[in-house]
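A.B. asks: Pasting a structure here, questions to come.
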Amino acid sequence: MEITWYGHSCFRLTERGLASVVTDPFDHEVVGYKALKLKANIITVSHDAPGHSFSSAVKGYSHLLNGPGEYEIGEVFITGARTNGRKEEDQSRNTLYVFDYNGITIAHLGDLRAVPTRSQVDALGSVNVVLIPVGGGGGLSAAKAAEVVSVLEPNIVIPMHYAMPNGKLPLDPLEKFIKEMGLGTIEPENMLKVTKGNLPEETRVVVLNYQS
C-alpha cells in the first residue's frame, strides 16, 4: 500500500483493489499549503476544525467517518478510538484511526495530546506505521511524540502537523522531533510504499515531501 502526504495532517492511503482513504482534509485558507484536489472512497476526520474536517476538498467519497467505531469499507478495516477525553475548554475531542490494509496497520493519531495508557495501546493492537503530530499546537509536542513512539513501538514513524514554509499555523519545526528521536538529517521521500516484506525490524522515521 502507498502513503502520500498533502500537508498538515492530510494523507492519502491507497492499495490496488481496496478502498482509498484521505485523512483530515484541510481548508487551505486557514492552514496554508495549496488547495486540496483529492479523490477517495473514505474520508476520516479526527476532530471538527478547519484544518482537519474540510470534506468538500475531497471528491468521490462515499463514507465520512468522524468518530469512534469499527468499520469495514472496501475490504479496509478501520477502528476509530476516542482520545483527549470529553470536550472541555482546554481539551477538545479527538479520534485516532487504525487502518488495516491486508494485515498492514496504519495509525493516524489526529491531534492526540497525551501519551496513551497501556490499556489504550493494547486495545490498538500492533501498529506498523504511525502518522504522528510532532509540532505542538493542538497536538503532541516533539518530546511527547517521541514518548508515544517508544510506547507504540511501530515499524515506521511518519511525522505530520509541524511548521512548514507554506503553512500558516504556529507550530514547531520538524527538527525538534528529529532531535528528540536522536537522529540526524533524514532525506525526505515523495511517497512511501509499504509491504509486509519491507517493514523494518527497528523503528524507522520516514519524512515525506509535501505533495501539492
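Residue numbers start at 1 in each chain; chains themselves are named A, B, ... in the order of the C-alpha cells; ligands are numbered from 1 in the order shown.
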Which residues are close to region 190-194 of chain A, i.e. within 9 Å by only C-alpha atoms, leaving aside same-chain residues fewer than 2 positions away? Reply as a ChimeraX atom specification.
C.D. replies: /A:1-5,104,129,188,196-199,206-211
A.B. asks: For Glu202 (chain A), list every protein, DNA or RNA residue within 10 Å, evaluated using only C-alpha atoms, and leave out those in the same chain fewer than 4 positions away; present the list as a VMD selection string.
C.D. replies: chain A and resid 153 to 156
A.B. asks: Any chance you can output those residues with C-alpha atoms as a PDB file, in the first residue's frame?
C.D. replies:
ATOM      1  CA  GLU A 153       6.898   0.675  19.016  1.00  0.00           C
ATOM      2  CA  PRO A 154       5.805   0.891  15.350  1.00  0.00           C
ATOM      3  CA  ASN A 155       7.940  -0.250  12.427  1.00  0.00           C
ATOM      4  CA  ILE A 156       7.691   3.131  10.697  1.00  0.00           C
TER       5      ILE A 156
END
A.B. asks: Looking only at strand (DSSP E or B) from DSSP on the backbone, list the matching residues of region 37-192 of chain A as a compact mmCIF listing (two decimals) with C-alpha atoms, in the first residue's frame.
C.D. replies:
# COMPACT_ATOMS: atom_id res chain seq x y z
CA LEU A 38 -8.09 14.77 -3.99
CA LYS A 39 -10.35 11.81 -4.66
CA ILE A 42 -13.36 7.31 2.50
CA ILE A 43 -12.63 10.47 4.50
CA THR A 44 -11.64 10.29 8.15
CA VAL A 58 -12.25 15.66 -1.47
CA LYS A 59 -14.29 14.33 -4.39
CA HIS A 63 -18.10 7.37 3.53
CA LEU A 64 -17.22 10.12 6.00
CA LEU A 65 -16.01 8.86 9.38
CA GLY A 69 -16.35 2.82 15.93
CA GLU A 70 -15.39 -0.22 13.89
CA TYR A 71 -15.90 -0.17 10.13
CA GLU A 72 -15.27 -2.42 7.14
CA ILE A 73 -15.39 -0.49 3.86
CA VAL A 76 -10.32 -1.99 4.56
CA PHE A 77 -10.88 -2.47 8.30
CA ILE A 78 -10.95 0.79 10.25
CA THR A 79 -11.08 1.30 14.01
CA GLY A 80 -11.76 4.76 15.43
CA ALA A 81 -10.87 5.37 19.09
CA ARG A 82 -11.66 8.49 21.13
CA THR A 83 -8.79 10.30 22.84
CA GLU A 88 -13.55 20.97 27.61
CA GLN A 91 -9.01 19.73 25.63
CA ASN A 94 -10.02 13.66 19.04
CA THR A 95 -10.47 10.38 17.21
CA LEU A 96 -7.46 8.36 16.15
CA TYR A 97 -7.94 5.80 13.41
CA VAL A 98 -6.22 2.50 12.73
CA PHE A 99 -6.47 1.25 9.15
CA ASP A 100 -5.86 -2.40 8.29
CA TYR A 101 -4.82 -2.92 4.67
CA ILE A 104 -0.60 -3.81 7.34
CA THR A 105 -1.81 -1.43 10.05
CA ILE A 106 -1.53 2.35 9.86
CA ALA A 107 -2.50 4.58 12.80
CA HIS A 108 -3.40 8.24 12.19
CA VAL A 129 3.02 2.66 10.61
CA VAL A 130 2.14 5.63 12.81
CA LEU A 131 1.24 9.07 11.41
CA ILE A 132 2.01 11.30 14.36
CA PRO A 133 1.71 15.04 15.15
CA ILE A 156 7.69 3.13 10.70
CA VAL A 157 7.04 6.66 12.00
CA ILE A 158 5.83 9.43 9.68
CA PRO A 159 5.72 12.88 11.33
CA MET A 160 2.96 15.37 10.49
CA GLY A 167 1.92 26.70 6.46
CA GLU A 189 10.73 10.73 0.24
CA LEU A 192 6.09 5.58 0.98
A.B. asks: Which residues come within 10 Å of Leu171 (chain A), counting only C-alpha atoms, excluding same-chain residues fewer than 5 positions away, as a list in words?
C.D. replies: Val134, Gly135, Gly136, Gly137, Gly138, Gly139, Ser141, His161, Tyr162, Ala163 and Met164 of chain A
A.B. asks: Which one is closest to Asp27 (chain A): A:Glu75, A:Lys168, A:Asp111, A:Pro68? Count only C-alpha atoms.
C.D. replies: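 Looking at the shortest contact to Asp27 (chain A), the residue is A:Lys168.
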A.B. asks: Neighbours of region 176-181 of chain A within 9 Å (only C-alpha atoms; same-chain residues fewer than 2 positions away dropped), as a PyMOL selection string?
C.D. replies: chain A and resi 134-135+141-143+145-146+159+172-174+183-186+205
A.B. asks: Between CA of Phe54 (chain A) and CA of Pro25 (chain A), what distance in Å does the model show, to one decimal?
C.D. replies: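 Separation between CA of Phe54 (chain A) and CA of Pro25 (chain A): 5.2 Å.
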A.B. asks: Please give the complete set of residues from region 36-130 of chain A that DSSP, run on the backbone, assigns to helix (DSSP H, G or I), formatted as an MDAnalysis selection string.
C.D. replies: chainID A and resid 55:57 118:124
A.B. asks: I want to know what sits within 9 Å of Thr23 (chain A), based on only C-alpha atoms, with residues of the same chain fewer than 3 positions away left out; could you give that as a ChimeraX atom specification?
C.D. replies: /A:9-13,42-46,52-53,108,110
